[in-house]
file start.csv (CSV, C-alpha atoms)
chain,number,residue,atom,x,y,z
F,1,VAL,CA,23.0,-1.4,1.5
F,2,ILE,CA,21.2,-3.0,-1.3
F,3,LYS,CA,18.1,-1.1,-2.5
F,4,MET,CA,15.1,-3.4,-2.2
F,5,SER,CA,12.9,-3.1,-5.2
F,6,ALA,CA,9.2,-2.7,-4.7
F,7,PRO,CA,6.9,-5.7,-4.8
F,8,SER,CA,5.3,-6.4,-8.1
F,9,MET,CA,1.6,-6.7,-8.5
F,10,GLU,CA,1.7,-10.4,-8.1
F,11,GLU,CA,3.8,-10.2,-4.9
F,12,ARG,CA,1.4,-7.5,-3.6
F,13,LYS,CA,-1.6,-9.7,-4.2
F,14,ALA,CA,0.1,-12.7,-2.5
F,15,CYS,CA,0.9,-10.5,0.5
F,16,TRP,CA,-2.7,-9.2,0.7
F,17,GLY,CA,-4.0,-12.7,0.4
F,18,ALA,CA,-1.9,-13.9,3.3
F,19,ARG,CA,-2.9,-10.9,5.3
F,20,ASP,CA,-6.6,-11.5,4.7
F,21,GLU,CA,-6.3,-15.2,5.7
F,22,TYR,CA,-4.5,-14.2,8.9
F,23,TRP,CA,-7.1,-11.6,9.7
F,24,LYS,CA,-9.9,-14.0,9.0
F,25,CYS,CA,-8.3,-16.4,11.5
F,26,LEU,CA,-8.1,-13.7,14.1
F,27,ASP,CA,-11.7,-12.8,13.5
F,28,GLU,CA,-12.7,-16.4,14.0
F,29,ASN,CA,-10.6,-16.8,17.1
F,30,THR,CA,-11.4,-13.5,18.8
F,31,GLU,CA,-8.0,-12.0,18.3
F,32,ASP,CA,-6.2,-15.0,19.8
F,33,ALA,CA,-2.9,-14.7,17.9
F,34,ALA,CA,-1.6,-18.0,19.4
F,35,ARG,CA,-4.0,-20.0,17.3
F,36,CYS,CA,-3.1,-18.4,14.0
F,37,GLN,CA,0.7,-18.8,14.3
F,38,LYS,CA,1.0,-20.6,11.0
F,39,LEU,CA,-0.9,-18.0,9.1
F,40,ARG,CA,1.1,-15.3,10.8
F,41,CYS,CA,4.3,-16.9,9.6
F,42,SER,CA,3.0,-17.1,6.1
F,43,PHE,CA,1.9,-13.5,6.3
F,44,GLU,CA,5.3,-12.3,7.5
F,45,SER,CA,7.1,-14.3,4.8
F,46,ARG,CA,5.1,-12.9,2.0
F,47,CYS,CA,5.1,-9.2,3.0
F,48,PRO,CA,7.9,-6.8,3.5
F,49,GLN,CA,8.6,-6.1,7.1
F,50,GLN,CA,7.4,-2.5,6.9
F,51,TRP,CA,4.1,-3.7,5.4
F,52,VAL,CA,3.6,-6.2,8.3
F,53,LYS,CA,4.0,-3.4,10.8
F,54,TYR,CA,1.7,-1.2,8.7
F,55,PHE,CA,-1.0,-3.8,8.4
F,56,ASP,CA,-0.7,-4.6,12.1
F,57,LYS,CA,-1.3,-1.0,13.0
F,58,ARG,CA,-4.1,-0.9,10.5
F,59,ARG,CA,-5.8,-3.9,12.1
F,60,ASP,CA,-5.5,-2.2,15.5
F,61,PHE,CA,-7.1,0.9,14.1
F,62,LEU,CA,-9.9,-1.0,12.4
F,63,LYS,CA,-10.7,-2.8,15.6
F,64,TYR,CA,-10.6,0.4,17.5
F,65,LYS,CA,-13.0,2.0,15.0
F,66,GLU,CA,-15.3,-0.9,15.4
F,67,GLN,CA,-15.4,-0.5,19.1
F,68,LEU,CA,-16.0,3.2,18.9
F,69,GLN,CA,-18.9,2.6,16.5
F,70,ALA,CA,-20.3,-0.1,18.8
F,71,GLY,CA,-20.1,2.3,21.7
F,72,GLU,CA,-17.9,0.1,23.7
F,73,TYR,CA,-15.1,2.5,24.2
F,74,GLN,CA,-15.5,4.8,27.2
F,75,PRO,CA,-13.2,7.8,27.5
F,76,SER,CA,-11.4,8.0,30.8
F,77,GLY,CA,-12.6,10.6,33.3
F,78,THR,CA,-9.5,12.8,33.1
F,79,THR,CA,-9.7,13.5,29.4
F,80,GLU,CA,-13.2,14.9,29.8
F,81,LYS,CA,-11.9,17.8,31.9
F,82,SER,CA,-9.1,18.7,29.5
L,1,ARG,CA,-19.7,38.3,-12.5
L,2,THR,CA,-23.0,38.9,-14.3
L,3,VAL,CA,-24.1,42.2,-15.6
L,4,GLN,CA,-26.7,43.8,-13.3
L,5,PRO,CA,-29.5,45.5,-15.3
L,6,LYS,CA,-29.6,49.1,-14.5
L,7,THR,CA,-33.2,49.3,-13.2
L,8,PRO,CA,-33.6,53.1,-13.0
L,9,SER,CA,-32.8,53.7,-16.7
L,10,TYR,CA,-35.0,50.7,-17.7
L,11,TRP,CA,-38.0,52.2,-16.0
L,12,ARG,CA,-37.2,55.7,-17.4
L,13,LEU,CA,-37.2,54.1,-20.9
L,14,PHE,CA,-40.5,52.4,-20.3
L,15,PHE,CA,-42.2,55.6,-19.4
L,16,ALA,CA,-40.6,57.4,-22.4
L,17,LEU,CA,-41.9,54.6,-24.6
L,18,SER,CA,-45.4,54.7,-23.2
L,19,ALA,CA,-45.5,58.4,-24.0
L,20,LEU,CA,-44.8,57.7,-27.7
L,21,PRO,CA,-48.4,57.0,-28.7
L,22,ARG,CA,-49.4,60.3,-27.2
L,23,MET,CA,-47.2,62.1,-29.6
L,24,PHE,CA,-49.3,61.0,-32.5
L,25,PRO,CA,-52.2,63.4,-33.3
L,26,THR,CA,-55.3,61.7,-32.0
L,27,LEU,CA,-59.0,62.5,-31.3
L,28,PRO,CA,-59.6,64.5,-28.2
L,29,LEU,CA,-59.0,62.5,-25.0
L,30,ARG,CA,-62.0,61.1,-23.2
L,31,SER,CA,-63.0,63.0,-20.1
L,32,ARG,CA,-61.8,61.6,-16.8
L,33,TRP,CA,-65.0,62.2,-15.1
L,34,PRO,CA,-68.0,59.8,-15.6
L,35,VAL,CA,-70.5,61.3,-17.9
L,36,ALA,CA,-73.3,61.1,-15.3
L,37,GLN,CA,-71.6,63.6,-13.0
L,38,CYS,CA,-71.2,66.2,-15.7
L,39,GLY,CA,-73.2,65.9,-18.8
L,40,ALA,CA,-71.2,65.6,-22.0
L,41,GLN,CA,-72.8,68.7,-23.5
L,42,GLN,CA,-72.2,70.8,-20.4
L,43,CYS,CA,-68.6,69.9,-20.3
L,44,GLY,CA,-68.3,70.8,-23.9
L,45,LEU,CA,-66.8,67.6,-24.9
L,46,GLY,CA,-67.8,66.2,-28.3
L,47,GLY,CA,-67.4,62.8,-29.9
L,48,ASP,CA,-68.4,59.4,-28.8
L,49,PRO,CA,-66.8,58.8,-25.4
L,50,SER,CA,-67.0,55.0,-25.5
L,51,GLY,CA,-66.3,53.5,-29.0
L,52,THR,CA,-63.4,55.4,-30.6
L,53,ALA,CA,-61.8,56.3,-27.4
L,54,GLN,CA,-61.5,52.7,-26.5
L,55,VAL,CA,-60.1,51.9,-29.9
L,56,GLN,CA,-57.6,54.7,-29.4
L,57,LEU,CA,-56.6,53.2,-26.0
L,58,ARG,CA,-56.1,49.8,-27.5
L,59,THR,CA,-54.1,51.2,-30.4
L,60,ARG,CA,-51.9,53.1,-27.9
L,61,LEU,CA,-51.4,50.0,-25.8
L,62,LEU,CA,-50.6,47.9,-28.8
L,63,ILE,CA,-48.0,50.4,-30.1
L,64,THR,CA,-46.5,50.7,-26.6
L,65,CYS,CA,-46.2,47.0,-26.4
L,66,LEU,CA,-44.7,46.6,-29.8
L,67,PHE,CA,-42.1,49.3,-29.1
L,68,GLY,CA,-41.4,47.9,-25.7
L,69,GLY,CA,-41.1,44.4,-26.9
L,70,ALA,CA,-38.8,45.3,-29.7
L,71,PHE,CA,-36.6,47.3,-27.4
L,72,LEU,CA,-36.6,44.5,-24.8
L,73,GLY,CA,-35.6,42.0,-27.5
L,74,VAL,CA,-32.7,44.1,-28.7
L,75,TRP,CA,-31.6,44.8,-25.2
L,76,LEU,CA,-31.6,41.1,-24.2
L,77,TYR,CA,-29.7,40.2,-27.4
L,78,PHE,CA,-27.0,42.6,-26.7
L,79,ARG,CA,-26.8,41.5,-23.0
L,80,ARG,CA,-26.4,37.9,-24.0
L,81,GLU,CA,-23.7,38.8,-26.5
L,82,LYS,CA,-21.8,40.7,-23.8
L,83,GLU,CA,-22.1,37.8,-21.3
L,84,GLN,CA,-20.8,35.5,-23.9
L,85,GLN,CA,-17.8,37.8,-24.6
L,86,GLN,CA,-17.1,38.0,-20.9
L,87,LYS,CA,-17.2,34.3,-20.5
L,88,LEU,CA,-14.8,33.8,-23.3
L,89,GLN,CA,-12.5,36.4,-21.9
L,90,ARG,CA,-12.6,34.7,-18.5
L,91,ILE,CA,-11.7,31.4,-20.1
L,92,GLN,CA,-8.7,33.0,-21.9
L,93,GLU,CA,-7.5,34.5,-18.7
L,94,LEU,CA,-7.8,31.2,-16.8
L,95,LYS,CA,-5.9,29.5,-19.6
L,96,LYS,CA,-3.1,31.9,-19.3
L,97,LEU,CA,-3.1,31.6,-15.5
L,98,SER,CA,-3.2,27.8,-15.6
L,99,LEU,CA,0.0,27.5,-17.5
L,100,GLY,CA,1.9,29.1,-14.7
L,101,GLN,CA,0.1,27.1,-12.0
L,102,GLY,CA,0.6,23.5,-11.1
L,103,ASP,CA,3.7,23.3,-13.2
L,104,PHE,CA,6.4,20.7,-12.6
L,105,GLN,CA,9.9,19.9,-13.9
L,106,LEU,CA,10.2,16.1,-13.8
L,107,VAL,CA,11.5,13.3,-16.0
L,108,ASP,CA,9.8,10.1,-17.2
L,109,HIS,CA,11.3,6.6,-17.4
L,110,THR,CA,13.2,7.4,-20.6
L,111,GLY,CA,14.9,10.4,-18.9
L,112,GLN,CA,12.9,12.8,-21.1
L,113,PRO,CA,11.9,16.0,-19.2
L,114,ARG,CA,8.3,16.4,-18.7
L,115,SER,CA,6.4,19.5,-17.5
L,116,LYS,CA,2.7,20.4,-17.5
L,117,ALA,CA,2.9,21.8,-21.0
L,118,ASN,CA,3.6,18.3,-22.3
L,119,PHE,CA,0.1,17.3,-21.3
L,120,LEU,CA,-1.9,20.1,-22.8
L,121,GLY,CA,-4.5,19.0,-25.3
L,122,GLN,CA,-5.3,15.9,-23.2
L,123,TRP,CA,-7.5,15.3,-20.2
L,124,VAL,CA,-5.2,14.6,-17.3
L,125,LEU,CA,-5.6,12.4,-14.2
L,126,LEU,CA,-2.7,13.1,-11.9
L,127,TYR,CA,-1.7,11.1,-8.8
L,128,PHE,CA,1.1,11.3,-6.3
L,129,GLY,CA,2.3,8.0,-4.9
L,130,PHE,CA,5.3,5.7,-4.5
L,131,THR,CA,6.2,2.1,-5.4
L,132,HIS,CA,6.6,0.8,-1.9
L,133,CYS,CA,3.1,1.7,-1.0
L,134,PRO,CA,1.3,-1.2,0.9
L,135,ASP,CA,-2.3,-0.8,-0.2
L,136,ILE,CA,-3.5,2.8,-0.8
L,137,CYS,CA,-1.6,3.6,-4.0
L,138,PRO,CA,-2.6,0.3,-5.8
L,139,GLU,CA,-6.2,1.0,-4.9
L,140,GLU,CA,-6.1,4.6,-6.1
L,141,LEU,CA,-4.2,3.6,-9.3
L,142,GLU,CA,-6.8,1.0,-10.1
L,143,LYS,CA,-9.5,3.7,-9.8
L,144,MET,CA,-7.4,6.1,-11.9
L,145,SER,CA,-6.8,3.4,-14.6
L,146,GLN,CA,-10.6,2.9,-14.8
L,147,GLY,CA,-10.9,6.6,-15.3
L,148,VAL,CA,-8.4,6.6,-18.1
L,149,ARG,CA,-9.9,3.5,-19.6
L,150,SER,CA,-13.3,5.0,-19.7
L,151,ARG,CA,-12.0,7.8,-22.0
L,152,GLU,CA,-10.6,5.3,-24.5
L,153,ASP,CA,-13.9,4.5,-26.0
L,154,GLU,CA,-14.5,8.1,-26.9
L,155,PRO,CA,-12.3,9.3,-29.8
L,156,GLY,CA,-10.6,12.6,-29.2
L,157,SER,CA,-11.0,12.5,-25.4
L,158,ALA,CA,-7.9,10.4,-24.5
L,159,ALA,CA,-6.7,10.9,-21.0
L,160,ALA,CA,-3.1,10.9,-19.7
L,161,GLY,CA,-2.2,9.5,-16.3
L,162,PRO,CA,1.0,11.0,-14.9
L,163,VAL,CA,2.0,9.5,-11.6
L,164,ILE,CA,4.5,11.5,-9.6
L,165,THR,CA,6.5,9.7,-7.0
L,166,VAL,CA,6.8,11.1,-3.5
L,167,ASP,CA,9.8,8.8,-2.9
L,168,PRO,CA,12.4,10.1,-5.4
L,169,GLU,CA,15.2,8.6,-3.3
L,170,ARG,CA,14.2,5.1,-4.2
L,171,ASP,CA,11.9,5.5,-7.1
L,172,ASP,CA,13.9,6.2,-10.2
L,173,GLY,CA,12.5,6.3,-13.7
L,174,ALA,CA,12.7,2.5,-14.2
L,175,ALA,CA,11.1,1.7,-10.8
L,176,VAL,CA,8.1,4.0,-11.4
L,177,ALA,CA,7.7,2.8,-15.0
L,178,LYS,CA,7.6,-0.8,-13.9
L,179,TYR,CA,5.1,0.0,-11.2
L,180,VAL,CA,2.6,2.0,-13.3
L,181,LYS,CA,2.9,-0.3,-16.3
L,182,GLU,CA,1.1,-3.0,-14.3
L,183,PHE,CA,-2.0,-0.8,-14.0
L,184,HIS,CA,-2.6,0.8,-17.4
L,185,PRO,CA,-0.4,1.6,-20.4
L,186,ARG,CA,-1.5,5.2,-20.4
L,187,LEU,CA,-0.1,5.8,-16.9
L,188,LEU,CA,3.2,7.6,-17.0
L,189,GLY,CA,5.6,7.5,-14.1
L,190,LEU,CA,7.4,10.7,-13.3
L,191,THR,CA,10.3,11.3,-11.0
L,192,GLY,CA,13.1,13.8,-10.5
L,193,SER,CA,15.4,15.3,-8.0
L,194,PRO,CA,14.1,15.6,-4.4
L,195,GLU,CA,13.9,19.3,-4.9
L,196,ASN,CA,11.8,19.2,-8.0
L,197,VAL,CA,9.5,16.6,-6.5
L,198,ARG,CA,9.1,18.8,-3.5
L,199,LYS,CA,8.2,21.7,-5.7
L,200,ALA,CA,5.7,19.6,-7.6
L,201,GLY,CA,4.1,18.5,-4.4
L,202,ARG,CA,3.8,22.1,-3.2
L,203,ALA,CA,2.2,23.1,-6.5
L,204,TYR,CA,-0.5,20.5,-5.9
L,205,ARG,CA,-0.8,20.8,-2.1
L,206,VAL,CA,0.3,17.3,-1.7
L,207,TYR,CA,2.2,16.8,1.5
L,208,TYR,CA,4.4,13.8,2.1
L,209,SER,CA,6.9,12.6,4.7
L,210,ALA,CA,8.9,9.5,4.9
L,211,GLY,CA,8.4,7.3,8.0
L,212,PRO,CA,11.0,5.7,10.2
L,213,ARG,CA,13.4,3.2,8.5
L,214,ASP,CA,13.7,-0.4,9.7
L,215,GLU,CA,16.7,-2.7,9.5
L,216,ASP,CA,16.3,-3.2,5.8
L,217,ASN,CA,16.3,0.5,5.3
L,218,ASP,CA,12.7,0.1,4.2
L,219,TYR,CA,10.2,2.8,5.0
L,220,ILE,CA,6.7,4.0,4.1
L,221,VAL,CA,6.0,7.5,2.9
L,222,ASP,CA,2.9,9.1,4.4
L,223,HIS,CA,1.3,11.3,1.8
L,224,THR,CA,-1.9,13.1,0.7
L,225,VAL,CA,-4.0,10.7,-1.2
L,226,ILE,CA,-5.7,12.5,-4.1
L,227,ILE,CA,-6.3,12.2,-7.8
L,228,TYR,CA,-6.5,15.5,-9.7
L,229,LEU,CA,-8.5,16.1,-12.9
L,230,LEU,CA,-7.1,18.7,-15.3
L,231,SER,CA,-8.7,19.9,-18.5
L,232,PRO,CA,-6.9,19.9,-21.9
L,233,ASP,CA,-6.2,23.6,-21.2
L,234,GLY,CA,-4.4,22.6,-18.1
L,235,LEU,CA,-7.1,24.0,-15.8
L,236,PHE,CA,-7.6,22.3,-12.5
L,237,LEU,CA,-11.2,21.0,-12.6
L,238,ASP,CA,-11.8,18.5,-9.8
L,239,TYR,CA,-10.1,16.2,-7.3
L,240,TYR,CA,-11.0,12.8,-6.0
L,241,ASN,CA,-10.0,11.5,-2.5
L,242,ARG,CA,-10.1,8.0,-1.1
L,243,GLY,CA,-13.8,8.3,-0.5
L,244,LYS,CA,-14.7,8.5,-4.2
L,245,SER,CA,-15.4,5.2,-5.9
L,246,GLU,CA,-14.4,4.2,-9.5
L,247,VAL,CA,-17.9,4.8,-10.8
L,248,GLN,CA,-18.1,8.2,-9.2
L,249,ILE,CA,-14.8,9.2,-10.7
L,250,VAL,CA,-15.8,8.0,-14.2
L,251,GLN,CA,-19.1,9.9,-14.0
L,252,SER,CA,-17.5,13.0,-12.7
L,253,ILE,CA,-15.0,13.0,-15.6
L,254,LYS,CA,-17.8,12.5,-18.1
L,255,GLY,CA,-19.7,15.5,-16.6
L,256,HIS,CA,-16.7,17.7,-16.8
L,257,MET,CA,-16.2,16.8,-20.4
L,258,GLU,CA,-19.8,17.6,-21.3
L,259,THR,CA,-19.4,21.1,-19.7
L,260,TYR,CA,-16.1,21.6,-21.4
L,261,ARG,CA,-17.6,20.8,-24.8
L,262,ARG,CA,-20.6,23.1,-24.2
L,263,LEU,CA,-18.3,26.0,-23.5
L,264,GLY,CA,-16.9,25.4,-26.9
L,265,SER,CA,-13.3,26.0,-25.9
call {"tool": "encode", "arguments": {"input": "start.csv", "output": "structure tokens"}}
result
Amino acid sequence: VIKMSAPSMEERKACWGARDEYWKCLDENTEDAARCQKLRCSFESRCPQQWVKYFDKRRDFLKYKEQLQAGEYQPSGTTEKS
Amino acid sequence: RTVQPKTPSYWRLFFALSALPRMFPTLPLRSRWPVAQCGAQQCGLGGDPSGTAQVQLRTRLLITCLFGGAFLGVWLYFRREKEQQQKLQRIQELKKLSLGQGDFQLVDHTGQPRSKANFLGQWVLLYFGFTHCPDICPEELEKMSQGVRSREDEPGSAAAGPVITVDPERDDGAAVAKYVKEFHPRLLGLTGSPENVRKAGRAYRVYYSAGPRDEDNDYIVDHTVIIYLLSPDGLFLDYYNRGKSEVQIVQSIKGHMETYRRLGS
């Protein structure tokens, strides 16, 4: 197995740029991933696979945090008792 | 620990001092009782009860105060000297202790072995990261570079920036060197055997664990995100987590340097 070298600073910045553009598109389209396919492809091509997974999870977390802070998230009844 | 003044002996001393004036031969003491109650002649007391007695009282008070003040001055001087001695002694002890703590046995990109002793004499900003880090390490290294850069304008206060990898399997000397070089020339990448890296992590309470591998055999290492500040004596002074901004870090380093200079070590 060939050891992949880490992305350089330039490559990192390109990846982050693509990610930011993709996320901006999602923000504008209320998380409708279908509309941002092109940007998604660009994002996936510029970032290592592990990073794509990581950033996806990060996005989920940030959205969840937003919801919590906005008070939209209601814990289910069962967890209250535990 | 500060020296607690022994209150009982202090008070004893004060009373002893106030007795000093009475040891000098003086005119007869003025009667305690008001003259009206018991006529001066009847009580057989001579002399002018008001004038000279008051002068006597003032003289006695003055002498007491002078003695008391002199003694207090001397006592405070010796107390300060003792505190200074204790402070210096404590610094010596901490210096000896610090050499044994937080030590590591790693190598830099040229293969040269590096341990904590190599960094003595410089301010040290230490970080644990890895080259395949998506976003956190670059952010932290930018902050760290700013911290190192801020020391460059002050002569004699240069800072070193060792960066220890938490991914020794992939990050060899060349990889870390290439990684840190892009941030600041004073940053130094350190790596080593997995066992030595583990020991270094333990010494600094940095926990790390590699995540699951994908098809490319790529993985992300979850790790404690922290920048440590060590003094030129190798003493652990402060730490900065993700919440600290660049400005806060630079200011904190400046503050620590001021304190360090004041202690005169």
call {"tool": "interface_residues", "arguments": {"input": "start.csv", "of": "chain F", "to": "chain L", "cutoff": "7 Å", "atoms": "only C-alpha atoms", "output": "ChimeraX atom specification"}}
result
/F:6,9,50-51
call {"tool": "write_last_selection", "arguments": {"input": "start.csv", "atoms": "C-alpha atoms", "output": "PDB file, in the coordinates of the input"}}
result
ATOM      1  CA  ALA F   6       9.200  -2.700  -4.700  1.00  0.00           C
ATOM      2  CA  MET F   9       1.600  -6.700  -8.500  1.00  0.00           C
ATOM      3  CA  GLN F  50       7.400  -2.500   6.900  1.00  0.00           C
ATOM      4  CA  TRP F  51       4.100  -3.700   5.400  1.00  0.00           C
TER       5      TRP F  51
END
call {"tool": "residues_around", "arguments": {"input": "start.csv", "residues": "F:Lys53", "least_positions_apart": "6", "cutoff": "10 Å", "atoms": "only C-alpha atoms", "output": "PyMOL selection string"}}
result
chain F and resi 44+47+59
call {"tool": "atom_distance", "arguments": {"input": "start.csv", "atom1": "atom CA of L:Pro155", "atom2": "atom CA of L:Arg186"}}
result
14.9 Å
call {"tool": "atom_distance", "arguments": {"input": "start.csv", "atom1": "atom CA of L:Arg261", "atom2": "atom CA of L:Val163"}}
result
26.2 Å
call {"tool": "residues_around", "arguments": {"input": "start.csv", "residues": "F:Ala18", "least_positions_apart": "4", "cutoff": "8 Å", "atoms": "all atoms listed in the file", "output": "PyMOL selection string"}}
result
chain F and resi 14+22+39+42-43+46
call {"tool": "closest_residue", "arguments": {"input": "start.csv", "among": "L:Asp153, L:Ser145, L:Leu187, L:Leu125", "to": "L:Ile253", "atoms": "only C-alpha atoms"}}
result
L:Leu125
call {"tool": "residues_around", "arguments": {"input": "start.csv", "residues": "L:Ile63", "least_positions_apart": "4", "cutoff": "10 Å", "atoms": "all atoms listed in the file", "output": "list in words"}}
result
Leu17, Ser18, Leu20, Pro21, Leu57, Arg58, Thr59, Phe67, Gly68 and Gly69 of chain L
call {"tool": "closest_residue", "arguments": {"input": "start.csv", "among": "L:Gln146, L:Gln105, L:Thr52, L:Ser157", "to": "L:Ser231", "atoms": "all atoms listed in the file"}}
result
L:Ser157
call {"tool": "residues_near_point", "arguments": {"input": "start.csv", "point": "(15.1, 5.3, -18.2)", "cutoff": "9 Å", "atoms": "all atoms listed in the file", "output": "PDB file with C-alpha atoms, in the frame of the given file"}}
result
ATOM      1  CA  ASP L 108       9.800  10.100 -17.200  1.00  0.00           C
ATOM      2  CA  HIS L 109      11.300   6.600 -17.400  1.00  0.00           C
ATOM      3  CA  THR L 110      13.200   7.400 -20.600  1.00  0.00           C
ATOM      4  CA  GLY L 111      14.900  10.400 -18.900  1.00  0.00           C
ATOM      5  CA  GLN L 112      12.900  12.800 -21.100  1.00  0.00           C
ATOM      6  CA  ASP L 172      13.900   6.200 -10.200  1.00  0.00           C
ATOM      7  CA  GLY L 173      12.500   6.300 -13.700  1.00  0.00           C
ATOM      8  CA  ALA L 174      12.700   2.500 -14.200  1.00  0.00           C
ATOM      9  CA  ALA L 177       7.700   2.800 -15.000  1.00  0.00           C
TER      10      ALA L 177
END
call {"tool": "residues_around", "arguments": {"input": "start.csv", "residues": "F:Cys25", "least_positions_apart": "6", "cutoff": "10 Å", "atoms": "all atoms listed in the file", "output": "JSON, numbers by chain"}}
result
{"F": [19, 31, 32, 33, 35, 36, 37, 39, 40]}
call {"tool": "decode", "arguments": {"input": "start.csv", "residues": "stretch 62-68 of chain F", "atoms": "all heavy atoms", "output": "PDB file, in the first residue's frame"}}
result
ATOM      1  N   LEU F  62     -22.407  20.939  13.587  1.00  0.00           N
ATOM      2  CA  LEU F  62     -22.651  22.381  13.652  1.00  0.00           C
ATOM      3  C   LEU F  62     -24.139  22.686  13.504  1.00  0.00           C
ATOM      4  O   LEU F  62     -24.668  23.559  14.185  1.00  0.00           O
ATOM      5  CB  LEU F  62     -21.848  23.101  12.572  1.00  0.00           C
ATOM      6  CG  LEU F  62     -20.329  23.145  12.812  1.00  0.00           C
ATOM      7  CD1 LEU F  62     -19.604  23.668  11.580  1.00  0.00           C
ATOM      8  CD2 LEU F  62     -19.980  24.003  14.006  1.00  0.00           C
ATOM      9  N   LYS F  63     -24.811  21.941  12.635  1.00  0.00           N
ATOM     10  CA  LYS F  63     -26.247  22.144  12.436  1.00  0.00           C
ATOM     11  C   LYS F  63     -27.005  21.763  13.704  1.00  0.00           C
ATOM     12  O   LYS F  63     -27.931  22.448  14.125  1.00  0.00           O
ATOM     13  CB  LYS F  63     -26.748  21.291  11.259  1.00  0.00           C
ATOM     14  CG  LYS F  63     -26.316  21.829   9.910  1.00  0.00           C
ATOM     15  CD  LYS F  63     -27.103  23.059   9.508  1.00  0.00           C
ATOM     16  CE  LYS F  63     -26.210  24.071   8.844  1.00  0.00           C
ATOM     17  NZ  LYS F  63     -26.781  25.394   8.755  1.00  0.00           N
ATOM     18  N   TYR F  64     -26.587  20.659  14.302  1.00  0.00           N
ATOM     19  CA  TYR F  64     -27.204  20.180  15.537  1.00  0.00           C
ATOM     20  C   TYR F  64     -27.035  21.213  16.644  1.00  0.00           C
ATOM     21  O   TYR F  64     -27.959  21.530  17.396  1.00  0.00           O
ATOM     22  CB  TYR F  64     -26.557  18.846  15.906  1.00  0.00           C
ATOM     23  CG  TYR F  64     -26.923  18.315  17.264  1.00  0.00           C
ATOM     24  CD1 TYR F  64     -28.219  17.912  17.567  1.00  0.00           C
ATOM     25  CD2 TYR F  64     -25.956  18.196  18.264  1.00  0.00           C
ATOM     26  CE1 TYR F  64     -28.545  17.414  18.810  1.00  0.00           C
ATOM     27  CE2 TYR F  64     -26.272  17.697  19.504  1.00  0.00           C
ATOM     28  CZ  TYR F  64     -27.571  17.302  19.775  1.00  0.00           C
ATOM     29  OH  TYR F  64     -27.878  16.817  21.016  1.00  0.00           O
ATOM     30  N   LYS F  65     -25.820  21.762  16.725  1.00  0.00           N
ATOM     31  CA  LYS F  65     -25.540  22.779  17.746  1.00  0.00           C
ATOM     32  C   LYS F  65     -26.424  23.995  17.528  1.00  0.00           C
ATOM     33  O   LYS F  65     -26.971  24.553  18.476  1.00  0.00           O
ATOM     34  CB  LYS F  65     -24.066  23.175  17.652  1.00  0.00           C
ATOM     35  CG  LYS F  65     -23.530  23.828  18.925  1.00  0.00           C
ATOM     36  CD  LYS F  65     -22.019  23.873  18.932  1.00  0.00           C
ATOM     37  CE  LYS F  65     -21.533  25.210  18.456  1.00  0.00           C
ATOM     38  NZ  LYS F  65     -20.153  25.487  18.880  1.00  0.00           N
ATOM     39  N   GLU F  66     -26.598  24.374  16.270  1.00  0.00           N
ATOM     40  CA  GLU F  66     -27.446  25.517  15.949  1.00  0.00           C
ATOM     41  C   GLU F  66     -28.862  25.268  16.431  1.00  0.00           C
ATOM     42  O   GLU F  66     -29.492  26.142  17.022  1.00  0.00           O
ATOM     43  CB  GLU F  66     -27.492  25.709  14.436  1.00  0.00           C
ATOM     44  CG  GLU F  66     -26.747  26.931  13.941  1.00  0.00           C
ATOM     45  CD  GLU F  66     -26.826  27.030  12.434  1.00  0.00           C
ATOM     46  OE1 GLU F  66     -27.972  27.063  11.913  1.00  0.00           O
ATOM     47  OE2 GLU F  66     -25.768  27.045  11.795  1.00  0.00           O
ATOM     48  N   GLN F  67     -29.335  24.057  16.163  1.00  0.00           N
ATOM     49  CA  GLN F  67     -30.698  23.710  16.558  1.00  0.00           C
ATOM     50  C   GLN F  67     -30.856  23.753  18.071  1.00  0.00           C
ATOM     51  O   GLN F  67     -31.839  24.267  18.597  1.00  0.00           O
ATOM     52  CB  GLN F  67     -31.052  22.304  16.056  1.00  0.00           C
ATOM     53  CG  GLN F  67     -31.389  22.258  14.592  1.00  0.00           C
ATOM     54  CD  GLN F  67     -31.736  20.839  14.162  1.00  0.00           C
ATOM     55  OE1 GLN F  67     -31.397  19.860  14.824  1.00  0.00           O
ATOM     56  NE2 GLN F  67     -32.419  20.733  13.048  1.00  0.00           N
ATOM     57  N   LEU F  68     -29.864  23.212  18.758  1.00  0.00           N
ATOM     58  CA  LEU F  68     -29.925  23.204  20.214  1.00  0.00           C
ATOM     59  C   LEU F  68     -30.005  24.622  20.749  1.00  0.00           C
ATOM     60  O   LEU F  68     -30.781  24.930  21.641  1.00  0.00           O
ATOM     61  CB  LEU F  68     -28.671  22.544  20.789  1.00  0.00           C
ATOM     62  CG  LEU F  68     -28.675  21.035  20.994  1.00  0.00           C
ATOM     63  CD1 LEU F  68     -27.352  20.615  21.616  1.00  0.00           C
ATOM     64  CD2 LEU F  68     -29.814  20.596  21.887  1.00  0.00           C
TER      65      LEU F  68
END
